[in-house]
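K.L.:
So here's data.csv, just CSV, C-alpha atoms:
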chain,number,residue,atom,x,y,z
A,1,MET,CA,61.7,-39.8,33.5
A,2,LEU,CA,59.8,-37.0,35.1
A,3,LEU,CA,62.0,-34.3,36.8
A,4,GLU,CA,65.2,-36.2,36.0
A,5,GLU,CA,67.5,-33.3,36.8
A,6,LEU,CA,65.8,-32.6,40.1
A,7,ARG,CA,65.8,-36.2,41.1
A,8,THR,CA,69.5,-36.5,40.3
A,9,ALA,CA,70.2,-33.4,42.5
A,10,VAL,CA,68.2,-35.0,45.4
A,11,VAL,CA,70.3,-38.2,45.0
A,12,GLN,CA,73.5,-36.3,45.1
A,13,VAL,CA,72.6,-34.3,48.2
A,14,GLY,CA,71.4,-37.5,49.9
A,15,LYS,CA,74.8,-39.1,49.2
A,16,GLU,CA,76.6,-36.1,50.6
A,17,LEU,CA,74.5,-36.1,53.7
A,18,ALA,CA,75.5,-39.7,54.4
A,19,ALA,CA,79.1,-39.3,53.5
A,20,SER,CA,79.5,-36.2,55.7
A,21,GLY,CA,77.9,-37.8,58.7
A,22,LEU,CA,74.9,-35.5,58.9
A,23,VAL,CA,72.7,-38.6,58.9
A,24,LEU,CA,73.2,-42.2,59.8
A,25,GLY,CA,71.5,-45.1,58.2
A,26,THR,CA,68.3,-44.0,56.4
A,27,TRP,CA,67.4,-41.2,58.8
A,28,GLY,CA,66.8,-37.8,57.4
A,29,ASN,CA,65.3,-36.8,54.1
A,30,VAL,CA,65.8,-34.6,51.1
A,31,SER,CA,63.4,-33.0,48.6
A,32,ALA,CA,63.3,-30.5,45.8
A,33,ARG,CA,60.4,-28.7,44.1
A,34,GLU,CA,59.7,-27.6,40.6
A,35,GLY,CA,56.3,-25.9,40.2
A,36,ASP,CA,53.6,-28.0,41.8
A,37,LEU,CA,55.7,-31.1,41.9
A,38,VAL,CA,58.1,-32.4,44.6
A,39,ALA,CA,60.9,-34.9,44.2
A,40,ILE,CA,61.6,-36.6,47.6
A,41,THR,CA,63.7,-39.4,48.9
A,42,PRO,CA,61.9,-42.8,49.5
A,43,SER,CA,61.3,-44.2,53.0
A,44,GLY,CA,63.9,-46.6,54.4
A,45,LEU,CA,66.3,-46.9,51.5
A,46,PRO,CA,70.0,-46.3,52.1
A,47,TYR,CA,71.4,-43.1,50.5
A,48,SER,CA,74.4,-44.9,49.1
A,49,ALA,CA,72.1,-47.1,46.9
A,50,LEU,CA,69.8,-44.4,45.6
A,51,ALA,CA,69.5,-43.7,41.9
A,52,PRO,CA,67.4,-40.9,40.3
A,53,GLU,CA,64.6,-43.4,39.5
A,54,ASP,CA,64.3,-44.2,43.2
A,55,ILE,CA,63.3,-40.6,44.0
A,56,VAL,CA,59.5,-40.3,44.4
A,57,VAL,CA,57.6,-37.5,42.6
A,58,VAL,CA,54.5,-36.2,44.4
A,59,ASP,CA,52.2,-33.3,44.0
A,60,LEU,CA,51.6,-30.7,46.7
A,61,GLU,CA,48.7,-32.8,48.0
A,62,GLY,CA,51.0,-35.7,48.6
A,63,GLU,CA,49.7,-37.9,45.7
A,64,THR,CA,52.4,-39.9,44.0
A,65,VAL,CA,52.8,-38.8,40.4
A,66,GLU,CA,55.8,-41.1,39.5
A,67,GLY,CA,57.9,-43.6,41.5
A,68,LYS,CA,57.8,-47.2,42.7
A,69,TRP,CA,58.6,-46.5,46.4
A,70,ARG,CA,56.7,-45.0,49.3
A,71,PRO,CA,57.9,-41.4,49.9
A,72,SER,CA,59.7,-40.4,53.1
A,73,THR,CA,57.5,-40.5,56.2
A,74,GLU,CA,58.3,-36.8,56.7
A,75,LEU,CA,56.5,-35.9,53.5
A,76,PRO,CA,53.9,-33.9,55.4
A,77,LEU,CA,56.6,-31.6,56.8
A,78,HIS,CA,58.1,-31.0,53.3
A,79,LEU,CA,54.7,-30.3,51.8
A,80,ALA,CA,53.7,-28.0,54.6
A,81,VAL,CA,56.8,-25.9,54.0
A,82,TYR,CA,56.4,-25.8,50.2
A,83,ARG,CA,52.8,-24.7,50.5
A,84,LYS,CA,53.6,-22.0,53.0
A,85,ARG,CA,56.9,-20.8,51.3
A,86,PRO,CA,56.8,-20.4,47.5
A,87,ASP,CA,60.4,-19.1,47.7
A,88,VAL,CA,61.6,-22.5,48.9
A,89,GLY,CA,62.9,-24.9,46.2
A,90,GLY,CA,64.7,-27.5,48.4
A,91,ILE,CA,64.5,-28.9,51.9
A,92,VAL,CA,67.0,-31.0,53.8
A,93,HIS,CA,66.3,-32.7,57.2
A,94,THR,CA,69.3,-34.0,59.1
A,95,HIS,CA,70.0,-35.8,62.4
A,96,SER,CA,73.4,-34.2,62.9
A,97,VAL,CA,75.0,-34.3,66.4
A,98,GLY,CA,75.5,-30.6,67.2
A,99,SER,CA,72.0,-29.7,66.0
A,100,MET,CA,70.4,-32.6,67.7
A,101,THR,CA,72.1,-31.7,71.0
A,102,LEU,CA,70.5,-28.3,70.9
A,103,ALA,CA,67.2,-29.7,69.8
A,104,ALA,CA,67.3,-32.2,72.7
A,105,CYS,CA,67.6,-29.3,75.1
A,106,HIS,CA,65.0,-27.2,73.3
A,107,HIS,CA,67.8,-24.6,73.0
A,108,PRO,CA,67.7,-22.2,70.0
A,109,LEU,CA,71.0,-21.4,68.2
A,110,PRO,CA,71.8,-17.7,68.7
A,111,PRO,CA,73.7,-15.7,66.1
A,112,PHE,CA,77.4,-15.5,66.8
A,113,THR,CA,79.3,-16.6,63.7
A,114,GLU,CA,79.5,-14.6,60.5
A,115,GLU,CA,78.6,-17.6,58.4
A,116,GLN,CA,75.4,-18.1,60.3
A,117,ALA,CA,74.5,-14.4,60.1
A,118,GLN,CA,75.3,-14.2,56.4
A,119,LEU,CA,73.5,-17.3,55.2
A,120,ILE,CA,70.8,-17.9,57.9
A,121,GLY,CA,70.3,-14.3,58.9
A,122,GLY,CA,70.1,-14.8,62.6
A,123,ARG,CA,68.8,-17.1,65.3
A,124,VAL,CA,67.7,-20.7,64.6
A,125,PRO,CA,64.5,-21.4,66.6
A,126,VAL,CA,63.2,-24.7,68.0
A,127,ALA,CA,59.8,-26.1,66.9
A,128,ALA,CA,57.6,-27.5,69.6
A,129,TYR,CA,57.9,-31.3,69.9
A,130,ALA,CA,55.5,-33.5,68.0
A,131,PRO,CA,55.9,-37.2,66.8
A,132,PRO,CA,57.8,-37.7,63.6
A,133,GLY,CA,55.9,-38.0,60.4
A,134,THR,CA,52.8,-36.3,61.7
A,135,GLU,CA,50.8,-33.3,60.6
A,136,GLU,CA,51.4,-31.9,64.1
A,137,LEU,CA,55.1,-31.9,63.5
A,138,ALA,CA,54.7,-30.3,60.1
A,139,GLN,CA,52.6,-27.5,61.4
A,140,ALA,CA,55.0,-26.9,64.4
A,141,ALA,CA,58.0,-26.8,62.0
A,142,VAL,CA,56.3,-24.3,59.7
A,143,ALA,CA,55.2,-22.1,62.5
A,144,ALA,CA,58.7,-21.9,64.0
A,145,LEU,CA,60.5,-21.6,60.7
A,146,GLY,CA,58.4,-18.6,59.6
A,147,GLU,CA,60.3,-16.8,56.9
A,148,GLY,CA,63.6,-18.2,58.1
A,149,LYS,CA,66.0,-20.7,56.6
A,150,ALA,CA,66.4,-23.2,59.4
A,151,VAL,CA,64.5,-24.7,62.3
A,152,LEU,CA,65.5,-27.2,65.0
A,153,LEU,CA,62.9,-29.9,65.7
A,154,ALA,CA,62.7,-30.5,69.4
A,155,ASN,CA,64.2,-33.9,70.4
A,156,HIS,CA,64.6,-34.7,66.7
A,157,GLY,CA,66.9,-32.9,64.4
A,158,LEU,CA,67.3,-30.0,61.9
A,159,VAL,CA,65.5,-28.8,58.9
A,160,GLY,CA,67.2,-26.4,56.4
A,161,VAL,CA,65.6,-24.8,53.4
A,162,GLY,CA,66.9,-22.9,50.3
A,163,LYS,CA,66.1,-21.7,46.8
A,164,THR,CA,67.6,-25.0,45.7
A,165,VAL,CA,68.2,-28.3,47.3
A,166,GLU,CA,72.0,-27.6,47.2
A,167,GLU,CA,71.4,-24.4,49.1
A,168,ALA,CA,69.3,-26.3,51.7
A,169,LEU,CA,72.2,-28.6,52.2
A,170,LEU,CA,74.5,-25.7,52.7
A,171,THR,CA,72.1,-24.2,55.2
A,172,CYS,CA,72.2,-27.5,57.3
A,173,GLN,CA,76.0,-27.6,57.0
A,174,VAL,CA,76.4,-24.0,58.3
A,175,VAL,CA,73.9,-24.6,61.1
A,176,GLU,CA,75.6,-27.8,62.2
A,177,LYS,CA,79.0,-26.1,62.2
A,178,SER,CA,77.7,-23.2,64.2
A,179,ALA,CA,76.0,-25.6,66.6
A,180,GLN,CA,79.2,-27.5,67.3
A,181,ILE,CA,81.2,-24.3,67.8
A,182,TYR,CA,78.4,-23.0,70.1
A,183,LEU,CA,78.7,-26.1,72.3
A,184,TRP,CA,82.4,-25.8,72.5
A,185,ALA,CA,82.2,-22.1,73.2
A,186,CYS,CA,79.8,-22.8,76.1
A,187,LEU,CA,82.6,-24.6,77.8
A,188,LEU,CA,84.6,-21.4,77.8
A,189,GLY,CA,81.7,-19.3,79.3
A,190,GLY,CA,79.7,-18.9,76.1
A,191,PRO,CA,80.2,-17.1,72.8
A,192,VAL,CA,79.9,-13.4,72.4
A,193,LEU,CA,76.7,-12.9,70.4
A,194,LEU,CA,76.3,-10.7,67.4
A,195,SER,CA,73.9,-7.8,67.8
A,196,GLU,CA,70.7,-7.5,65.7
A,197,GLU,CA,72.3,-4.7,63.8
A,198,GLU,CA,75.5,-6.7,63.2
A,199,VAL,CA,73.4,-9.7,62.0
A,200,ARG,CA,71.4,-7.4,59.7
A,201,SER,CA,74.5,-5.8,58.2
A,202,LEU,CA,76.2,-9.1,57.6
A,203,ARG,CA,73.1,-10.5,55.9
A,204,GLU,CA,72.5,-7.5,53.7
A,205,ASN,CA,76.1,-7.3,52.7
A,206,PHE,CA,76.2,-11.0,51.9
A,207,LEU,CA,73.0,-10.8,49.7
A,208,ARG,CA,74.3,-7.6,48.0
A,209,ASN,CA,77.9,-8.4,47.3
A,210,TYR,CA,78.6,-12.1,47.6
A,211,GLY,CA,79.1,-14.2,44.4
A,212,GLN,CA,78.8,-13.5,40.7
A,213,LYS,CA,75.9,-11.2,39.9
A,214,GLY,CA,76.1,-11.3,36.1
A,215,ALA,CA,78.4,-11.7,33.1
A,216,GLY,CA,81.2,-9.2,32.6
A,217,GLY,CA,82.6,-6.7,35.0
Write out the structure in this file as structure tokens.
P.N.:
Amino acid sequence: MLLEELRTAVVQVGKELAASGLVLGTWGNVSAREGDLVAITPSGLPYSALAPEDIVVVDLEGETVEGKWRPSTELPLHLAVYRKRPDVGGIVHTHSVGSMTLAACHHPLPPFTEEQAQLIGGRVPVAAYAPPGTEELAQAAVAALGEGKAVLLANHGLVGVGKTVEEALLTCQVVEKSAQIYLWACLLGGPVLLSEEEVRSLRENFLRNYGQKGAGG
């Protein structure tokens, strides 16, 4: 089976999305890239029932290379991001409550938590509204995302990216947590935002010092 390891990772992330409540039913979608091939969840199949062979493999032009199902209707969005961002190896699209609340209000998520500053690197913008599954939405999302790691889709949901599909999931989890905290904080007069310098320092320190950088030491 083509891209078996990548397809397995997409399945696992999809199941975690559903189990954690970041999506309901068959909404949302997950993909991962290896070279010029993309493994993406199929349209309309429940995450709980997915197996690696259900994940559709397409090329960067959207042509199916392997798989028996139609790919997600948001395939244009995934492909647009991959074509624009060679550093991206995974994309997760959620319909989580906090993020959708901000997206419904066309309200960007400002940087105010250390987690958000460290992983996302600052503000999460909102892409202009366009109907789901369209090239217009794909281009709006790419434009708003820029070189960032997350973008809210107006009246729709959240897209997170990462070097891997697992990192893209973590991006969405961190944004959703921050969105929920932000909404609660607004009831108390609003959060105290981090300055641009504080965000930059947190992000640089995270990239430089977090995790295991090599064997030994």
K.L.:
May I have the residues within 8 Å of segment 181-190 of chain A as a ChimeraX atom specification, using all atoms listed in the file and disregarding those fewer than 3 positions away in the same chain?
P.N.:
/A:98,109,177-178
K.L.:
How many Å lie between atom CA of Gly121 of chain A and atom CA of Tyr210 of chain A, rounded to one decimal?
P.N.:
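If I compute the distance from atom CA of Gly121 of chain A to atom CA of Tyr210 of chain A, I get 14.2 Å.
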K.L.:
Grab the atom CA of Gly162 of chain A to atom CA of Asn29 of chain A distance for me, in Å with one decimal place.
P.N.:
14.5 Å
K.L.:
Residues within 12 Å of Val97 of chain A, please, as a list of chain:residue names. Count all atoms listed in the file; anything in the same chain fewer than 5 positions from it doesn't count.
P.N.:
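What passes the distance filter is A:Ser20, A:Gly21, A:Leu22, A:Val23, A:Leu24, A:Leu102, A:Ala103, A:Ala104, A:Leu152, A:Asn155, A:His156, A:Gly157, A:Leu158, A:Cys172, A:Gln173, A:Val175, A:Glu176, A:Lys177, A:Ser178, A:Ala179, A:Gln180, A:Ile181, A:Leu183.
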K.L.:
One decimal, in Å: what's the spacing between atom CA of Glu61 of chain A and atom CA of Glu16 of chain A?
P.N.:
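So the two atoms, atom CA of Glu61 of chain A and atom CA of Glu16 of chain A, lie 28.2 Å apart.
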K.L.:
Please determine, counting all atoms listed in the file, which residue among A:Met100, A:Leu3, A:Gly44, A:Gly148 has the shortest atom-to-atom distance to Val58 of chain A.
P.N.:
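Comparing A:Met100, A:Leu3, A:Gly44, A:Gly148 against Val58 of chain A, the winner is A:Leu3.
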K.L.:
Ranking A:Asp54, A:Arg33, A:Ala127, A:Thr164 by minimum distance to Glu66 of chain A and counting all atoms listed in the file, which one comes first?
P.N.:
A:Asp54
K.L.:
For Lys149 of chain A, which residue out of A:His106, A:Glu74, A:Glu136, A:Gly90 is the nearest one, using only C-alpha atoms?
P.N.:
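Under the stated criterion, the closest residue is A:Gly90.
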K.L.:
Of the candidates A:Ala80, A:Glu166, A:Pro191, A:Glu198, which one gets nearest to Ala141 of chain A if we count all atoms listed in the file?
P.N.:
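Answer, going by the shortest atom-to-atom distance: A:Ala80.
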K.L.:
Nearest to Glu34 of chain A: which of A:Gly89, A:Gly14, A:Pro46, A:Gly62 is it, counting only C-alpha atoms?
P.N.:
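Going through A:Gly89, A:Gly14, A:Pro46, A:Gly62 one by one, the smallest distance to Glu34 of chain A is for A:Gly89.
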